[in-house]
Amino acid sequence: MASVLQIEQLKKSFGERLLFEGLTLNLDEGEKVAVVAVNGAGKSTLLNIIAGVEDYQAGQITFRRDLRVGYLWQNPTFKEGQSVLEACLDADTKAKEAITRYERAIATGEGLEEAMAAMDAASAWEYEQQAKELLTRLAITDLTQRVETLSGGQIKRLALAQVLASRPELLILDEPTNHLDLKMTEWLEEYLSASHMTLLMVTHDRYFLDRVTTRIVEIDDHRLYAYRGNYTYYLEKRQERIDLLNQAAEKTRNLYRRELEWIRRTPSARTGKAKYRIDAFEQLSEERRTPLKEKQVEIGIDSSRIGTKIFEMKHLSKRFDEKCILHDFSYLFNKGEKLGIVGENGVGKSTFVKMLLGEVTPDSGTIEVGQTVRFGYYSQQGIRFNDADRVIDVVQRIAEEITLSDGNRISASQLLNRFLFSPAAQYDYVAKLSGGERRRLYLCTVLISNPNFLILDEPTNDLDIQTLNILEEYLRAFKGCVIVISHDRYFMDKIADHLFVMEGAGRIKDFPGNYTQYRQWRREEELRQAEERAEEERRQRRQATPQPQKATRNYTDRLSFKERRELEELERELPLLEARKATLEGQISSGTMTVEELTKASTELTALIDEIDLKTLRWMELSEKN
């Protein structure tokens, strides 16, 4: 395949802090590559360098000539004063100019023919329509709304629509699933999987990685390691690499011990012919420092005791103007529950937990919280750190010492070391931290007070995969209660015992299972409903079809042999056609199909309905004669 991007011997550092050196990467046309690493290793920096918005100290980056590149920033911004549609169309300058020229020609009545030709040349007709479709798909429906009035989540979704509408050949995405609800994430997953674009992205969504990527590259110890396959394959091969490194490091340590014993035993051998062995020993002394295990976040923080009474909601209702969040909702939360809350953006998930925390007052109803409950709240917005503070200052303000689950106590510095902040990094200013490092520090501040009831609102945003794995294990073993709001399906499957599905208009469904089980149930339910609709349509068609008047039968009314065979064939075919129709209707209404698949399925469904109608009429005609 033709190469679209070549990176050779790339080096990037911030002062004395080296991110990567000698980094080499080649992207072929149509590849879908994800970059993974711990927070602070330089994932977003690498994307910024490739996109041309950050510099680097050494190396070379070469793009294929005339390559169209689209970049979704992790924290995008737009010019104030633009409407949503104007901002979305801003990515493709050629198409935007053609649209502006065409609108001016329509208004003035001059140069219309030339403007239309320019629209054709820039494919601007399809561009504007596709932009509108993408915005609608991403739940941005007011195309005249000014960008400065949008929420942070809406800004990220607008930026995603903009970059997809620009039809790039190389698409660079930094955390594309942040601020997408589960339905949108699944749609984007399908869209990118079916696309022919070359893709380079950073994401923590492990299901997304598994289903979209064809190659994983990992930044580790300032170098790049490539794994050709999806996320599951990467995990397997990465562990093999670590095991081999550990074996080699253990052999080096054993050899070092033997050589050290020789050095101590025969000091007189340090001259003459033994000099080579002395040099080798000194080299071994350096090599043995290679860590046997990769660094991982260690949590191990204890939770305070929690009583049998947790909380009870009685007849709770809440609305904002015409929007109903809850209507007459009651629920008794039990000790040890781990609850996941899912629903589309804006349905009220964060409002629900803020009512529980006392930050939002319900319109009616009561919430009774047990006296022993101690909340730990990790909010979607996070907390605003003072950039002039040092990392250790942030933690020491909360507690100088922390109790662990084994009963031991450690200092604030030791706790930060468990959260991968080295002694040197602890005295760095907060302003120097990456987005992921800030999130890791925020998680540390939430857990430090030994809560027994954790409420985590989008905890997976900006956390690296290794930290997520450790957090999942901690939550699974957590003795207290947990409520999680997350668009990360993998995280939700690992943590939640059951789900609150917020369906809108104040309705909440309590589903007894994890998110994958819910989606399977939802698909089966949609298929069942489609079959019911199909049956109702058949019933209505039978009622609407005029019934021929029954006459006194004679020999000529009876079916011929050929007609009887035709009737039998129709009775066999019609159920099969109806079943296929129900399947197509279920697929079309699922919201998971690509544009191409949706078009193809709709065409087939139209033809199928016509065929069913014709064959049903013929079946009725033959049945009357039978």
# chains A, B, ... in the order shown; residues from 1 in each chain; ligands from 1
>>> residues_around(residues="segment 39-46 of chain A", least_positions_apart="5", cutoff="8 Å", atoms="only C-alpha atoms", output="list in words")
Leu19, Phe20, Glu54, Gln74, Asp174, Val202, Ile219, Asp220, His222, Leu433, Ser434, Gly435, Gly436, Glu437, Leu463 and Asp464 of chain A
>>> residues_around(residues="Thr372 of chain A", least_positions_apart="4", cutoff="10 Å", atoms="only C-alpha atoms", output="list in words")
Ser304, Arg305, Ile306, Gly307, Thr308, Lys309, Ile310, Asn452 and Phe453 of chain A
>>> residues_around(residues="segment 134-141 of chain A", least_positions_apart="6", cutoff="8 Å", atoms="only C-alpha atoms", output="PyMOL selection string")
chain A and resi 154+157-158+161+164-165+180+184
>>> write_last_selection(atoms="N, CA and C atoms", output="mmCIF file, in the first residue's frame")
data_model
loop_
_atom_site.group_PDB
_atom_site.id
_atom_site.type_symbol
_atom_site.label_atom_id
_atom_site.label_comp_id
_atom_site.auth_asym_id
_atom_site.auth_seq_id
_atom_site.Cartn_x
_atom_site.Cartn_y
_atom_site.Cartn_z
ATOM 1 N N GLN A 154 -20.684 20.150 23.620
ATOM 2 C CA GLN A 154 -21.188 20.516 22.287
ATOM 3 C C GLN A 154 -20.055 21.014 21.392
ATOM 4 N N ARG A 157 -18.247 17.996 20.045
ATOM 5 C CA ARG A 157 -19.027 17.310 19.015
ATOM 6 C C ARG A 157 -19.084 18.120 17.723
ATOM 7 N N LEU A 158 -19.151 19.461 17.848
ATOM 8 C CA LEU A 158 -19.101 20.330 16.670
ATOM 9 C C LEU A 158 -17.767 20.155 15.953
ATOM 10 N N ALA A 161 -17.809 16.915 14.039
ATOM 11 C CA ALA A 161 -18.593 17.050 12.801
ATOM 12 C C ALA A 161 -17.801 17.819 11.754
ATOM 13 N N LEU A 164 -14.950 15.604 10.248
ATOM 14 C CA LEU A 164 -15.477 14.531 9.401
ATOM 15 C C LEU A 164 -16.054 15.088 8.107
ATOM 16 N N ALA A 165 -16.706 16.249 8.199
ATOM 17 C CA ALA A 165 -17.312 16.855 7.001
ATOM 18 C C ALA A 165 -16.261 17.330 6.011
ATOM 19 N N LEU A 180 -19.127 12.161 23.986
ATOM 20 C CA LEU A 180 -20.132 11.457 23.193
ATOM 21 C C LEU A 180 -20.880 10.502 24.100
ATOM 22 N N MET A 184 -23.860 7.631 20.364
ATOM 23 C CA MET A 184 -22.991 8.344 19.425
ATOM 24 C C MET A 184 -21.661 7.628 19.258
#
>>> closest_atom_pairs(of="segment 495-555 of chain A", to="segment 338-359 of chain A", cutoff="9 Å", atoms="only C-alpha atoms", output="JSON lines")
{"residue": "A:Ile495", "atom": "CA", "partner": "A:Lys338", "partner_atom": "CA", "distance": 6.7}
{"residue": "A:Ala496", "atom": "CA", "partner": "A:Leu339", "partner_atom": "CA", "distance": 5.1}
{"residue": "A:Asp497", "atom": "CA", "partner": "A:Lys338", "partner_atom": "CA", "distance": 5.5}
{"residue": "A:His498", "atom": "CA", "partner": "A:Leu339", "partner_atom": "CA", "distance": 5.5}
{"residue": "A:Leu499", "atom": "CA", "partner": "A:Gly340", "partner_atom": "CA", "distance": 4.7}
{"residue": "A:Phe500", "atom": "CA", "partner": "A:Ile341", "partner_atom": "CA", "distance": 4.8}
{"residue": "A:Val501", "atom": "CA", "partner": "A:Val342", "partner_atom": "CA", "distance": 5.1}
{"residue": "A:Met502", "atom": "CA", "partner": "A:Gly343", "partner_atom": "CA", "distance": 4.9}
{"residue": "A:Glu503", "atom": "CA", "partner": "A:Gly343", "partner_atom": "CA", "distance": 6.3}
{"residue": "A:Gly504", "atom": "CA", "partner": "A:Val347", "partner_atom": "CA", "distance": 5.7}
{"residue": "A:Ala505", "atom": "CA", "partner": "A:Val347", "partner_atom": "CA", "distance": 8.2}
{"residue": "A:Gly506", "atom": "CA", "partner": "A:Val347", "partner_atom": "CA", "distance": 8.6}
{"residue": "A:Asn514", "atom": "CA", "partner": "A:Gly340", "partner_atom": "CA", "distance": 8.0}
{"residue": "A:Tyr515", "atom": "CA", "partner": "A:Gly340", "partner_atom": "CA", "distance": 8.4}
>>> residues_around(residues="segment 523-534 of chain A", least_positions_apart="2", cutoff="10 Å", atoms="only C-alpha atoms", output="VMD selection string")
chain A and resid 518 to 521 536 to 540 578 to 587 589 to 590
>>> write_last_selection(atoms="C-alpha atoms", output="PDB file, in the first residue's frame")
ATOM      1  CA  TYR A 518     -28.445  -4.133  27.900  1.00  0.00           C
ATOM      2  CA  ARG A 519     -27.494  -3.467  24.273  1.00  0.00           C
ATOM      3  CA  GLN A 520     -28.212  -7.084  23.362  1.00  0.00           C
ATOM      4  CA  TRP A 521     -31.599  -6.873  25.085  1.00  0.00           C
ATOM      5  CA  GLU A 536     -50.096  -5.105  12.511  1.00  0.00           C
ATOM      6  CA  GLU A 537     -49.470  -3.826   8.971  1.00  0.00           C
ATOM      7  CA  ARG A 538     -50.406  -7.241   7.547  1.00  0.00           C
ATOM      8  CA  ARG A 539     -53.588  -7.252   9.614  1.00  0.00           C
ATOM      9  CA  GLN A 540     -54.525  -3.771   8.409  1.00  0.00           C
ATOM     10  CA  GLU A 578     -42.118 -10.989   6.531  1.00  0.00           C
ATOM     11  CA  ALA A 579     -39.242 -12.174   8.726  1.00  0.00           C
ATOM     12  CA  ARG A 580     -36.701 -10.524   6.413  1.00  0.00           C
ATOM     13  CA  LYS A 581     -38.766  -7.326   6.446  1.00  0.00           C
ATOM     14  CA  ALA A 582     -38.801  -7.320  10.273  1.00  0.00           C
ATOM     15  CA  THR A 583     -35.027  -7.857  10.351  1.00  0.00           C
ATOM     16  CA  LEU A 584     -34.409  -4.952   7.970  1.00  0.00           C
ATOM     17  CA  GLU A 585     -36.701  -2.660   9.963  1.00  0.00           C
ATOM     18  CA  GLY A 586     -34.851  -3.581  13.154  1.00  0.00           C
ATOM     19  CA  GLN A 587     -31.472  -2.874  11.583  1.00  0.00           C
ATOM     20  CA  SER A 589     -34.051   1.660  13.433  1.00  0.00           C
ATOM     21  CA  SER A 590     -31.003   0.524  15.461  1.00  0.00           C
TER      22      SER A 590
END
>>> residues_around(residues="Glu169 of chain A", least_positions_apart="4", cutoff="7 Å", atoms="only C-alpha atoms", output="list in words")
Leu67, Arg68, Val69, Met197 and Thr198 of chain A
>>> residues_around(residues="Arg397 of chain A", least_positions_apart="5", cutoff="12 Å", atoms="only C-alpha atoms", output="PDB file with N, CA and C atoms, in the first residue's frame")
ATOM      1  N   ASP A 389       0.529  26.132  42.303  1.00  0.00           N
ATOM      2  CA  ASP A 389       0.788  25.144  43.360  1.00  0.00           C
ATOM      3  C   ASP A 389       1.711  24.051  42.851  1.00  0.00           C
ATOM      4  N   ARG A 390       2.473  23.465  43.784  1.00  0.00           N
ATOM      5  CA  ARG A 390       3.202  22.245  43.466  1.00  0.00           C
ATOM      6  C   ARG A 390       2.264  21.056  43.660  1.00  0.00           C
ATOM      7  N   VAL A 391       2.567  19.958  43.003  1.00  0.00           N
ATOM      8  CA  VAL A 391       1.701  18.771  43.080  1.00  0.00           C
ATOM      9  C   VAL A 391       1.528  18.321  44.519  1.00  0.00           C
ATOM     10  N   ILE A 392       2.610  18.287  45.274  1.00  0.00           N
ATOM     11  CA  ILE A 392       2.516  17.791  46.651  1.00  0.00           C
ATOM     12  C   ILE A 392       1.703  18.724  47.529  1.00  0.00           C
ATOM     13  N   ALA A 412       1.802  11.775  52.308  1.00  0.00           N
ATOM     14  CA  ALA A 412       1.259  12.315  51.059  1.00  0.00           C
ATOM     15  C   ALA A 412       2.225  12.054  49.905  1.00  0.00           C
ATOM     16  N   THR A 445      -7.035  13.058  44.888  1.00  0.00           N
ATOM     17  CA  THR A 445      -7.655  13.920  45.897  1.00  0.00           C
ATOM     18  C   THR A 445      -9.039  13.430  46.309  1.00  0.00           C
ATOM     19  N   ILE A 448      -8.423  10.228  48.706  1.00  0.00           N
ATOM     20  CA  ILE A 448      -7.589  10.429  49.881  1.00  0.00           C
ATOM     21  C   ILE A 448      -8.393  10.556  51.178  1.00  0.00           C
ATOM     22  N   SER A 449      -9.661  10.976  51.065  1.00  0.00           N
ATOM     23  CA  SER A 449     -10.485  11.185  52.272  1.00  0.00           C
ATOM     24  C   SER A 449     -11.206   9.918  52.723  1.00  0.00           C
TER      25      SER A 449
END
>>> closest_residue(among="A:Leu143, A:Asn469, A:Glu175, A:Leu454", to="Val484 of chain A", atoms="only C-alpha atoms")
A:Leu454
>>> closest_residue(among="A:Met119, A:Leu72, A:Leu326, A:Ile216", to="Lys94 of chain A", atoms="only C-alpha atoms")
A:Met119
>>> atom_distance(atom1="atom CA of Glu473 of chain A", atom2="atom CA of Ile299 of chain A")
9.6 Å
>>> residues_around(residues="Leu5 of chain A", least_positions_apart="2", cutoff="7 Å", atoms="only C-alpha atoms", output="list of chain:residue names")
A:Ser3, A:Ile7, A:Asn26, A:Leu27, A:Thr62, A:Phe63, A:Arg64
>>> select_by_dssp(residues="segment 39-141 of chain A", states="helix (DSSP H, G or I)", output="NGL selection string")
:A and (43-51 or 84-89 or 93-108 or 112-121 or 124-137)
>>> write_last_selection(atoms="C-alpha atoms", output="PDB file, in the first residue's frame")
ATOM      1  CA  LYS A  43       0.530  11.008  23.045  1.00  0.00           C
ATOM      2  CA  SER A  44      -1.214  14.344  22.456  1.00  0.00           C
ATOM      3  CA  THR A  45       2.128  16.060  21.883  1.00  0.00           C
ATOM      4  CA  LEU A  46       2.907  13.577  19.094  1.00  0.00           C
ATOM      5  CA  LEU A  47      -0.442  14.309  17.403  1.00  0.00           C
ATOM      6  CA  ASN A  48       0.151  18.067  17.755  1.00  0.00           C
ATOM      7  CA  ILE A  49       3.592  17.714  16.148  1.00  0.00           C
ATOM      8  CA  ILE A  50       2.196  15.721  13.210  1.00  0.00           C
ATOM      9  CA  ALA A  51      -0.597  18.301  12.787  1.00  0.00           C
ATOM     10  CA  VAL A  84     -22.769  26.310  14.344  1.00  0.00           C
ATOM     11  CA  LEU A  85     -23.141  25.669  10.602  1.00  0.00           C
ATOM     12  CA  GLU A  86     -20.592  28.357   9.675  1.00  0.00           C
ATOM     13  CA  ALA A  87     -18.062  26.850  12.092  1.00  0.00           C
ATOM     14  CA  CYS A  88     -18.702  23.354  10.760  1.00  0.00           C
ATOM     15  CA  LEU A  89     -18.154  24.485   7.147  1.00  0.00           C
ATOM     16  CA  THR A  93     -11.852  26.550   2.607  1.00  0.00           C
ATOM     17  CA  LYS A  94     -12.451  25.684  -1.057  1.00  0.00           C
ATOM     18  CA  ALA A  95     -15.989  24.435  -0.450  1.00  0.00           C
ATOM     19  CA  LYS A  96     -16.755  27.313   1.914  1.00  0.00           C
ATOM     20  CA  GLU A  97     -15.692  29.889  -0.679  1.00  0.00           C
ATOM     21  CA  ALA A  98     -17.832  28.161  -3.311  1.00  0.00           C
ATOM     22  CA  ILE A  99     -20.887  28.184  -1.002  1.00  0.00           C
ATOM     23  CA  THR A 100     -20.351  31.885  -0.154  1.00  0.00           C
ATOM     24  CA  ARG A 101     -20.011  32.711  -3.859  1.00  0.00           C
ATOM     25  CA  TYR A 102     -23.167  30.765  -4.703  1.00  0.00           C
ATOM     26  CA  GLU A 103     -25.220  32.441  -1.956  1.00  0.00           C
ATOM     27  CA  ARG A 104     -24.029  35.860  -3.173  1.00  0.00           C
ATOM     28  CA  ALA A 105     -24.997  34.970  -6.754  1.00  0.00           C
ATOM     29  CA  ILE A 106     -28.465  33.884  -5.588  1.00  0.00           C
ATOM     30  CA  ALA A 107     -28.911  37.156  -3.688  1.00  0.00           C
ATOM     31  CA  THR A 108     -27.702  39.429  -6.511  1.00  0.00           C
ATOM     32  CA  LEU A 112     -24.974  32.265 -11.028  1.00  0.00           C
ATOM     33  CA  GLU A 113     -23.688  29.938 -13.754  1.00  0.00           C
ATOM     34  CA  GLU A 114     -20.043  30.422 -12.699  1.00  0.00           C
ATOM     35  CA  ALA A 115     -20.970  30.006  -9.003  1.00  0.00           C
ATOM     36  CA  MET A 116     -22.744  26.729  -9.728  1.00  0.00           C
ATOM     37  CA  ALA A 117     -19.705  25.480 -11.658  1.00  0.00           C
ATOM     38  CA  ALA A 118     -17.516  26.356  -8.652  1.00  0.00           C
ATOM     39  CA  MET A 119     -19.914  24.437  -6.383  1.00  0.00           C
ATOM     40  CA  ASP A 120     -19.593  21.411  -8.670  1.00  0.00           C
ATOM     41  CA  ALA A 121     -15.793  21.627  -8.766  1.00  0.00           C
ATOM     42  CA  ALA A 124     -19.843  21.832  -2.168  1.00  0.00           C
ATOM     43  CA  TRP A 125     -23.440  20.616  -2.665  1.00  0.00           C
ATOM     44  CA  GLU A 126     -22.660  17.360  -0.857  1.00  0.00           C
ATOM     45  CA  TYR A 127     -20.366  19.074   1.658  1.00  0.00           C
ATOM     46  CA  GLU A 128     -23.045  21.308   3.176  1.00  0.00           C
ATOM     47  CA  GLN A 129     -25.615  18.508   3.262  1.00  0.00           C
ATOM     48  CA  GLN A 130     -23.156  16.098   4.868  1.00  0.00           C
ATOM     49  CA  ALA A 131     -22.202  18.715   7.471  1.00  0.00           C
ATOM     50  CA  LYS A 132     -25.863  19.107   8.444  1.00  0.00           C
ATOM     51  CA  GLU A 133     -26.343  15.337   8.657  1.00  0.00           C
ATOM     52  CA  LEU A 134     -23.248  14.940  10.859  1.00  0.00           C
ATOM     53  CA  LEU A 135     -24.349  17.736  13.193  1.00  0.00           C
ATOM     54  CA  THR A 136     -27.789  16.147  13.553  1.00  0.00           C
ATOM     55  CA  ARG A 137     -26.225  12.726  14.193  1.00  0.00           C
TER      56      ARG A 137
END
>>> atom_distance(atom1="atom CA of Arg507 of chain A", atom2="atom CA of Phe208 of chain A")
28.7 Å
>>> closest_residue(among="A:Phe329, A:Gln162, A:Leu447, A:Arg489", to="Thr185 of chain A", atoms="only C-alpha atoms")
A:Arg489
>>> atom_distance(atom1="atom CA of Asn178 of chain A", atom2="atom CA of Glu21 of chain A")
29.0 Å
>>> closest_residue(among="A:Arg241, A:Gly153, A:Ala425, A:Arg476", to="Gly336 of chain A", atoms="only C-alpha atoms")
A:Arg476
>>> select_by_dssp(residues="segment 428-554 of chain A", states="strand (DSSP E or B)", output="number ranges by chain")
A: 429, 453-457, 481-485, 498-504, 507-511
